[in-house]
Amino acid sequence: MRRMFLSSPVSRAARAVHLRWRRPVTPVILLGLTPALTCLAASPVPLLDVSKENGMHVVVAAGTPTTYQGHPTTALLPDGKTMFAAWTLGHGGPCGPVARSDDAGLTWTRIDDALPDAYQKHRNCPSIYRIVDDQGKARLWIFAAHPLMPRVVSEDDGVTWQEREPLGLPCVMTFSSVTRLKDGSSIGLYHRGEGDHDRPPLTVWQTRTRDGGVTWGEARRVAAVEGKNPCEPWIVRSPDGGTLCCLMRENSHKGRSLMMFSSDEGETWSTPVDTPWGLTGDRHAAAYTADGRLVVCFRDRAKGSPADGHFVAWIGDYDDIAQGREGGYRVKLLHHYGRPGDCGYPGVEVLADGTVVATTYVKYRDDDCQNSVVSVRFQPDDLDGRVAQMDQSSN
């Protein structure tokens with residue numbers, strides 16, 4: 001079913017805002033607004049700052065002076081209420097923490113004890129996916145990076161878990177994205193480094209499963225760029241279903257992020273090119289809103305951005321990405337008080353009422369506690385109204 005992109009006067013107002021912001025602007029800070037309505041005209045696209053609005057936040061797992069909570073991903077079950085989050089202890093450290101929410105992310109219960117003991121030996125950036133095979137059987141998988149992409153699985157929607165043999169795929173991180181294809185199979189994309197170490201040049205690889213994640217085919221390289229380091233791929237399908245768009249972090253951080261496209265279900269990919277400025281960042285994760293727009297969340301790394309190094313969302317149309325346009329606007333979701341480059345790996349879910357739940361890791365407060373896992377909950381239509389108000393205040 002084709003998604004419609006304009007569904008409300010608020011959405012149209014926000015879209016009119018971003019069209020006006022495409023003209024060249026003078027770098028002037030707009031004053032006289034509340035902190036949540038701050039916009040810097042130096043940005044090619046409006047920036048809304050809601051990072052201090054604690055009422056939008058849910059702390060999934062608080063950091064302490066001795067405990068670092070890092071690199072979460074999430075999965076929402078079809079009931080629209082049951083959500084899982086998996087993360088590590090320490091930066092790229094051991095797995096173990098897993099939490100379940102039965103109220104769409106408002107409250108969380110740790111279920112670490114339900115996981116096999118061996119799961120604590122898995123390391124680095126666990127990614128949780130619900131993969132459905134071509135017979136309609138769904139499984140929850142948690143993949144990690146080391147050793148050689150280990151994994152655990154639940155065949156009863158997260159009640160019980162078992163360890164399965166590692167996939168045997170050398171990687172820097174496990175699948176950053178798993179996408180279901182039209183034939184019922186799924187592809188997983190991940191990245192590798194030179195000599196299978198975390199060092200440049202980085203390249204993006206792809207493998208396919210036809211049985212819901214149980215077995216995977218031979219991996220092949222799908223992205224390598226001279227002088228650049230594509231990594232952390234995330235796939236989003238076009239609204240008409242015909243094209244896959246892959247957003248990628250560029251790890252040298254000398255320019256913008258990268259993107260490539262496939263019109264044949266991942267059989268071939270276009271040569272990677274730069275994303276729009278506003279999508280420059282690390283570890284993109286995206287979901288469609290109720291009105292057919294995209295929300296893409298990531299760690300901001302755009303040159304000259306006032307939100308550089310913090311957790312942001314980009315809101316716009318798929319066609320904005322495909323045509324290299326800047327999109328509607330960006331939102332600073334959370335302020336990171338820690339060392340640069342140590343926040344922003346997200347899970348992004350959209351609930352039935354349109355609420356977006358974006359979950360990441362971040363040094364949440366300016367204190368002696370280490371990183372926490374925190375969700376930000378927001379309605380895009382509410383943000384549209386703020387952006388429209390922001391534009392009116394600047395005129």
# chains A, B, ... in the order shown; residues from 1 in each chain; ligands from 1
call {"tool": "residues_around", "arguments": {"residues": "region 373-383 of chain A", "least_positions_apart": "6", "cutoff": "8 Å", "atoms": "only C-alpha atoms", "output": "list in words"}}
result
Val10, Ser11, Met56, His57, Val58, Val59, Val60, Ala61, Ala62, Gly63, Gln69, Gly70, Pro72, Gly105, Thr289, Leu333, Leu334, Gly354, Thr355, Val356, Val357, Ala358, Thr359, Thr360, Tyr361, Val362 and Tyr364 of chain A
call {"tool": "select_by_dssp", "arguments": {"residues": "region 55-245 of chain A", "states": "strand (DSSP E)", "output": "MDAnalysis selection string"}}
result
chainID A and resid 57:61 69:76 83:89 95:101 109:110 127:132 138:143 151:154 162:164 173:180 186:192 203:209 220:223 230:237 244:245
call {"tool": "write_last_selection", "arguments": {"atoms": "C-alpha atoms", "output": "tab-separated table (two decimals), in the first residue's frame"}}
result
chain	number	residue	atom	x	y	z
A	57	HIS	CA	12.34	10.66	28.45
A	58	VAL	CA	12.20	7.15	29.87
A	59	VAL	CA	15.38	5.85	31.51
A	60	VAL	CA	15.58	2.18	30.58
A	61	ALA	CA	18.85	1.50	32.43
A	69	GLN	CA	25.18	1.04	29.73
A	70	GLY	CA	25.82	1.13	26.00
A	71	HIS	CA	24.78	0.47	22.40
A	72	PRO	CA	21.09	-0.54	22.68
A	73	THR	CA	18.82	-1.81	19.95
A	74	THR	CA	15.08	-2.49	20.22
A	75	ALA	CA	12.39	-4.69	18.70
A	76	LEU	CA	8.62	-4.11	18.85
A	83	MET	CA	9.15	-4.23	23.21
A	84	PHE	CA	12.60	-5.62	23.86
A	85	ALA	CA	15.92	-3.84	24.32
A	86	ALA	CA	19.39	-5.38	24.35
A	87	TRP	CA	22.65	-3.59	25.14
A	88	THR	CA	26.20	-4.02	26.45
A	89	LEU	CA	28.09	-3.23	29.63
A	95	CYS	CA	26.47	-8.57	26.37
A	96	GLY	CA	24.06	-9.56	29.10
A	97	PRO	CA	21.50	-6.82	29.75
A	98	VAL	CA	18.11	-7.41	28.11
A	99	ALA	CA	14.85	-5.74	29.11
A	100	ARG	CA	11.21	-6.23	28.20
A	101	SER	CA	8.39	-3.70	28.19
A	109	THR	CA	11.69	-5.19	33.37
A	110	ARG	CA	15.11	-6.79	33.14
A	127	SER	CA	21.35	-6.18	17.62
A	128	ILE	CA	17.87	-7.61	18.18
A	129	TYR	CA	15.61	-8.43	15.24
A	130	ARG	CA	12.31	-10.18	14.71
A	131	ILE	CA	12.84	-12.21	11.53
A	132	VAL	CA	9.93	-13.99	9.84
A	138	ALA	CA	8.74	-15.50	13.54
A	139	ARG	CA	11.87	-15.66	15.67
A	140	LEU	CA	13.56	-13.09	17.87
A	141	TRP	CA	17.32	-13.04	17.38
A	142	ILE	CA	20.06	-11.19	19.23
A	143	PHE	CA	23.27	-11.12	17.23
A	151	ARG	CA	23.64	-15.31	18.51
A	152	VAL	CA	20.74	-16.34	20.72
A	153	VAL	CA	17.17	-16.97	19.62
A	154	SER	CA	13.64	-17.04	21.03
A	162	GLN	CA	18.60	-20.58	23.43
A	163	GLU	CA	22.11	-20.11	22.12
A	164	ARG	CA	22.80	-21.12	18.52
A	173	MET	CA	29.88	-5.14	14.36
A	174	THR	CA	27.07	-7.55	13.67
A	175	PHE	CA	24.12	-6.72	11.43
A	176	SER	CA	23.28	-3.03	11.62
A	177	SER	CA	20.21	-3.76	9.52
A	178	VAL	CA	18.10	-6.80	8.65
A	179	THR	CA	15.47	-6.28	5.95
A	180	ARG	CA	12.73	-8.60	4.71
A	186	SER	CA	15.82	-11.40	4.55
A	187	ILE	CA	19.19	-9.75	4.05
A	188	GLY	CA	21.54	-8.63	6.78
A	189	LEU	CA	24.17	-5.93	6.28
A	190	TYR	CA	27.24	-5.35	8.43
A	191	HIS	CA	30.80	-4.03	8.09
A	192	ARG	CA	34.33	-5.37	8.23
A	203	THR	CA	33.69	-2.16	3.79
A	204	VAL	CA	30.02	-3.20	3.91
A	205	TRP	CA	28.97	-6.82	3.46
A	206	GLN	CA	25.66	-8.59	2.88
A	207	THR	CA	24.28	-12.07	3.50
A	208	ARG	CA	20.84	-13.62	3.06
A	209	THR	CA	18.66	-15.96	5.10
A	220	ARG	CA	29.62	-10.72	-0.25
A	221	ARG	CA	30.99	-7.20	-0.26
A	222	VAL	CA	28.47	-4.59	-1.44
A	223	ALA	CA	30.16	-1.26	-0.63
A	230	PRO	CA	31.43	3.07	4.89
A	231	CYS	CA	30.04	1.23	7.90
A	232	GLU	CA	26.95	0.68	10.08
A	233	PRO	CA	24.52	0.25	7.16
A	234	TRP	CA	20.79	0.80	7.65
A	235	ILE	CA	18.21	-0.10	4.97
A	236	VAL	CA	14.89	1.64	4.45
A	237	ARG	CA	12.46	0.63	1.72
A	244	LEU	CA	16.02	-0.18	-1.03
A	245	CYS	CA	18.01	2.78	0.31
call {"tool": "closest_residue", "arguments": {"among": "A:Ser238, A:Gln323, A:Ser394, A:Asn371", "to": "Tyr288 (chain A)", "atoms": "only C-alpha atoms"}}
result
A:Ser238
call {"tool": "residues_around", "arguments": {"residues": "Phe261 (chain A)", "least_positions_apart": "2", "cutoff": "10 Å", "atoms": "only C-alpha atoms", "output": "list in words"}}
result
Ile235, Val236, Arg237, Ser238, Thr243, Leu244, Cys245, Cys246, Leu247, Met259, Ser263, Asp264, Glu265, Gly266, Thr268, Trp269, Ser270, Thr271, Pro272, Val273 and Ala322 of chain A
call {"tool": "closest_residue", "arguments": {"among": "A:Val159, A:Val172, A:Met149, A:Leu48", "to": "Ala114 (chain A)", "atoms": "only C-alpha atoms"}}
result
A:Val159
call {"tool": "closest_residue", "arguments": {"among": "A:Asp198, A:Glu218, A:Glu53, A:Asp183", "to": "Leu169 (chain A)", "atoms": "only C-alpha atoms"}}
result
A:Glu218
call {"tool": "select_by_dssp", "arguments": {"residues": "region 191-352 of chain A", "states": "alpha helix (DSSP H)", "output": "list in words"}}
result
Tyr318, Asp319, Asp320, Ile321 and Ala322 of chain A
call {"tool": "atom_distance", "arguments": {"atom1": "CA of Arg339 (chain A)", "atom2": "CA of Cys125 (chain A)"}}
result
18.3 Å
call {"tool": "atom_distance", "arguments": {"atom1": "CA of Pro239 (chain A)", "atom2": "CA of Gly213 (chain A)"}}
result
25.2 Å
call {"tool": "atom_distance", "arguments": {"atom1": "CA of Thr82 (chain A)", "atom2": "CA of Glu349 (chain A)"}}
result
11.2 Å
call {"tool": "closest_residue", "arguments": {"among": "A:His122, A:Arg199, A:Arg299, A:Lys363", "to": "Tyr345 (chain A)", "atoms": "only C-alpha atoms"}}
result
A:Arg299
call {"tool": "residues_around", "arguments": {"residues": "Lys228 (chain A)", "least_positions_apart": "2", "cutoff": "8 Å", "atoms": "only C-alpha atoms", "output": "number ranges by chain"}}
result
A: 201-202, 224-226, 230, 250-252
call {"tool": "decode", "arguments": {"residues": "region 166-206 of chain A", "atoms": "N, CA and C atoms", "output": "PDB file, in the first residue's frame"}}
result
ATOM      1  N   PRO A 166      27.602 -19.722  16.351  1.00  0.00           N
ATOM      2  CA  PRO A 166      27.916 -18.451  15.692  1.00  0.00           C
ATOM      3  C   PRO A 166      27.800 -18.590  14.174  1.00  0.00           C
ATOM      4  N   LEU A 167      27.557 -17.464  13.518  1.00  0.00           N
ATOM      5  CA  LEU A 167      27.454 -17.484  12.066  1.00  0.00           C
ATOM      6  C   LEU A 167      28.808 -17.672  11.394  1.00  0.00           C
ATOM      7  N   GLY A 168      29.890 -17.441  12.145  1.00  0.00           N
ATOM      8  CA  GLY A 168      31.217 -17.603  11.567  1.00  0.00           C
ATOM      9  C   GLY A 168      31.623 -16.472  10.655  1.00  0.00           C
ATOM     10  N   LEU A 169      30.987 -15.310  10.813  1.00  0.00           N
ATOM     11  CA  LEU A 169      31.272 -14.162   9.953  1.00  0.00           C
ATOM     12  C   LEU A 169      32.150 -13.166  10.702  1.00  0.00           C
ATOM     13  N   PRO A 170      33.384 -12.949  10.264  1.00  0.00           N
ATOM     14  CA  PRO A 170      34.210 -11.913  10.896  1.00  0.00           C
ATOM     15  C   PRO A 170      33.617 -10.540  10.635  1.00  0.00           C
ATOM     16  N   CYS A 171      33.610  -9.691  11.653  1.00  0.00           N
ATOM     17  CA  CYS A 171      32.965  -8.386  11.520  1.00  0.00           C
ATOM     18  C   CYS A 171      33.514  -7.438  12.573  1.00  0.00           C
ATOM     19  N   VAL A 172      33.334  -6.140  12.336  1.00  0.00           N
ATOM     20  CA  VAL A 172      33.557  -5.150  13.384  1.00  0.00           C
ATOM     21  C   VAL A 172      32.335  -5.104  14.283  1.00  0.00           C
ATOM     22  N   MET A 173      31.154  -5.057  13.652  1.00  0.00           N
ATOM     23  CA  MET A 173      29.880  -5.142  14.363  1.00  0.00           C
ATOM     24  C   MET A 173      28.986  -6.107  13.611  1.00  0.00           C
ATOM     25  N   THR A 174      28.027  -6.668  14.312  1.00  0.00           N
ATOM     26  CA  THR A 174      27.068  -7.548  13.674  1.00  0.00           C
ATOM     27  C   THR A 174      26.123  -6.738  12.788  1.00  0.00           C
ATOM     28  N   PHE A 175      25.063  -7.373  12.331  1.00  0.00           N
ATOM     29  CA  PHE A 175      24.120  -6.724  11.427  1.00  0.00           C
ATOM     30  C   PHE A 175      23.631  -5.388  11.997  1.00  0.00           C
ATOM     31  N   SER A 176      23.876  -4.314  11.265  1.00  0.00           N
ATOM     32  CA  SER A 176      23.281  -3.026  11.616  1.00  0.00           C
ATOM     33  C   SER A 176      21.866  -2.922  11.084  1.00  0.00           C
ATOM     34  N   SER A 177      21.539  -3.790  10.124  1.00  0.00           N
ATOM     35  CA  SER A 177      20.213  -3.764   9.522  1.00  0.00           C
ATOM     36  C   SER A 177      19.876  -5.150   8.996  1.00  0.00           C
ATOM     37  N   VAL A 178      18.646  -5.590   9.254  1.00  0.00           N
ATOM     38  CA  VAL A 178      18.100  -6.805   8.651  1.00  0.00           C
ATOM     39  C   VAL A 178      16.780  -6.420   8.001  1.00  0.00           C
ATOM     40  N   THR A 179      16.625  -6.740   6.727  1.00  0.00           N
ATOM     41  CA  THR A 179      15.474  -6.284   5.952  1.00  0.00           C
ATOM     42  C   THR A 179      14.807  -7.457   5.249  1.00  0.00           C
ATOM     43  N   ARG A 180      13.494  -7.550   5.383  1.00  0.00           N
ATOM     44  CA  ARG A 180      12.725  -8.600   4.707  1.00  0.00           C
ATOM     45  C   ARG A 180      12.534  -8.226   3.242  1.00  0.00           C
ATOM     46  N   LEU A 181      12.713  -9.189   2.362  1.00  0.00           N
ATOM     47  CA  LEU A 181      12.558  -8.979   0.930  1.00  0.00           C
ATOM     48  C   LEU A 181      11.200  -9.494   0.452  1.00  0.00           C
ATOM     49  N   LYS A 182      10.877  -9.184  -0.785  1.00  0.00           N
ATOM     50  CA  LYS A 182       9.559  -9.515  -1.313  1.00  0.00           C
ATOM     51  C   LYS A 182       9.324 -11.016  -1.404  1.00  0.00           C
ATOM     52  N   ASP A 183      10.392 -11.799  -1.540  1.00  0.00           N
ATOM     53  CA  ASP A 183      10.233 -13.248  -1.674  1.00  0.00           C
ATOM     54  C   ASP A 183      10.172 -13.973  -0.335  1.00  0.00           C
ATOM     55  N   GLY A 184      10.164 -13.215   0.775  1.00  0.00           N
ATOM     56  CA  GLY A 184      10.091 -13.819   2.096  1.00  0.00           C
ATOM     57  C   GLY A 184      11.431 -14.078   2.744  1.00  0.00           C
ATOM     58  N   SER A 185      12.515 -13.922   2.000  1.00  0.00           N
ATOM     59  CA  SER A 185      13.847 -14.020   2.592  1.00  0.00           C
ATOM     60  C   SER A 185      14.211 -12.685   3.234  1.00  0.00           C
ATOM     61  N   SER A 186      15.345 -12.638   3.918  1.00  0.00           N
ATOM     62  CA  SER A 186      15.817 -11.401   4.545  1.00  0.00           C
ATOM     63  C   SER A 186      17.309 -11.259   4.280  1.00  0.00           C
ATOM     64  N   ILE A 187      17.764 -10.011   4.175  1.00  0.00           N
ATOM     65  CA  ILE A 187      19.191  -9.748   4.048  1.00  0.00           C
ATOM     66  C   ILE A 187      19.677  -9.001   5.280  1.00  0.00           C
ATOM     67  N   GLY A 188      20.893  -9.321   5.684  1.00  0.00           N
ATOM     68  CA  GLY A 188      21.544  -8.631   6.783  1.00  0.00           C
ATOM     69  C   GLY A 188      22.798  -7.951   6.276  1.00  0.00           C
ATOM     70  N   LEU A 189      22.998  -6.698   6.678  1.00  0.00           N
ATOM     71  CA  LEU A 189      24.174  -5.935   6.280  1.00  0.00           C
ATOM     72  C   LEU A 189      25.003  -5.583   7.504  1.00  0.00           C
ATOM     73  N   TYR A 190      26.317  -5.631   7.337  1.00  0.00           N
ATOM     74  CA  TYR A 190      27.245  -5.352   8.429  1.00  0.00           C
ATOM     75  C   TYR A 190      28.541  -4.846   7.821  1.00  0.00           C
ATOM     76  N   HIS A 191      29.538  -4.508   8.661  1.00  0.00           N
ATOM     77  CA  HIS A 191      30.800  -4.035   8.093  1.00  0.00           C
ATOM     78  C   HIS A 191      32.001  -4.761   8.677  1.00  0.00           C
ATOM     79  N   ARG A 192      33.064  -4.745   7.875  1.00  0.00           N
ATOM     80  CA  ARG A 192      34.331  -5.372   8.234  1.00  0.00           C
ATOM     81  C   ARG A 192      35.456  -4.363   8.064  1.00  0.00           C
ATOM     82  N   GLY A 193      36.579  -4.627   8.727  1.00  0.00           N
ATOM     83  CA  GLY A 193      37.751  -3.779   8.614  1.00  0.00           C
ATOM     84  C   GLY A 193      38.908  -4.512   7.975  1.00  0.00           C
ATOM     85  N   GLU A 194      39.945  -3.777   7.658  1.00  0.00           N
ATOM     86  CA  GLU A 194      41.142  -4.347   7.049  1.00  0.00           C
ATOM     87  C   GLU A 194      41.713  -5.453   7.933  1.00  0.00           C
ATOM     88  N   GLY A 195      41.945  -6.621   7.322  1.00  0.00           N
ATOM     89  CA  GLY A 195      42.465  -7.750   8.079  1.00  0.00           C
ATOM     90  C   GLY A 195      41.520  -8.244   9.150  1.00  0.00           C
ATOM     91  N   ASP A 196      40.223  -7.900   8.991  1.00  0.00           N
ATOM     92  CA  ASP A 196      39.190  -8.243   9.971  1.00  0.00           C
ATOM     93  C   ASP A 196      39.483  -7.692  11.358  1.00  0.00           C
ATOM     94  N   HIS A 197      40.099  -6.501  11.366  1.00  0.00           N
ATOM     95  CA  HIS A 197      40.264  -5.718  12.580  1.00  0.00           C
ATOM     96  C   HIS A 197      39.477  -4.415  12.415  1.00  0.00           C
ATOM     97  N   ASP A 198      39.253  -3.720  13.516  1.00  0.00           N
ATOM     98  CA  ASP A 198      38.513  -2.457  13.459  1.00  0.00           C
ATOM     99  C   ASP A 198      39.456  -1.343  13.010  1.00  0.00           C
ATOM    100  N   ARG A 199      39.795  -1.371  11.724  1.00  0.00           N
ATOM    101  CA  ARG A 199      40.686  -0.358  11.171  1.00  0.00           C
ATOM    102  C   ARG A 199      40.375  -0.188   9.688  1.00  0.00           C
ATOM    103  N   PRO A 200      40.689   0.978   9.137  1.00  0.00           N
ATOM    104  CA  PRO A 200      40.371   1.224   7.731  1.00  0.00           C
ATOM    105  C   PRO A 200      41.280   0.432   6.796  1.00  0.00           C
ATOM    106  N   PRO A 201      40.793   0.238   5.549  1.00  0.00           N
ATOM    107  CA  PRO A 201      39.504   0.691   5.040  1.00  0.00           C
ATOM    108  C   PRO A 201      38.362  -0.223   5.491  1.00  0.00           C
ATOM    109  N   LEU A 202      37.223   0.392   5.799  1.00  0.00           N
ATOM    110  CA  LEU A 202      36.033  -0.356   6.176  1.00  0.00           C
ATOM    111  C   LEU A 202      35.187  -0.633   4.933  1.00  0.00           C
ATOM    112  N   THR A 203      34.544  -1.772   4.912  1.00  0.00           N
ATOM    113  CA  THR A 203      33.688  -2.159   3.794  1.00  0.00           C
ATOM    114  C   THR A 203      32.394  -2.761   4.330  1.00  0.00           C
ATOM    115  N   VAL A 204      31.342  -2.705   3.516  1.00  0.00           N
ATOM    116  CA  VAL A 204      30.023  -3.203   3.914  1.00  0.00           C
ATOM    117  C   VAL A 204      29.745  -4.522   3.200  1.00  0.00           C
ATOM    118  N   TRP A 205      29.221  -5.469   3.956  1.00  0.00           N
ATOM    119  CA  TRP A 205      28.968  -6.815   3.456  1.00  0.00           C
ATOM    120  C   TRP A 205      27.504  -7.196   3.659  1.00  0.00           C
ATOM    121  N   GLN A 206      27.060  -8.171   2.864  1.00  0.00           N
ATOM    122  CA  GLN A 206      25.657  -8.591   2.878  1.00  0.00           C
ATOM    123  C   GLN A 206      25.552 -10.108   2.820  1.00  0.00           C
TER     124      GLN A 206
END
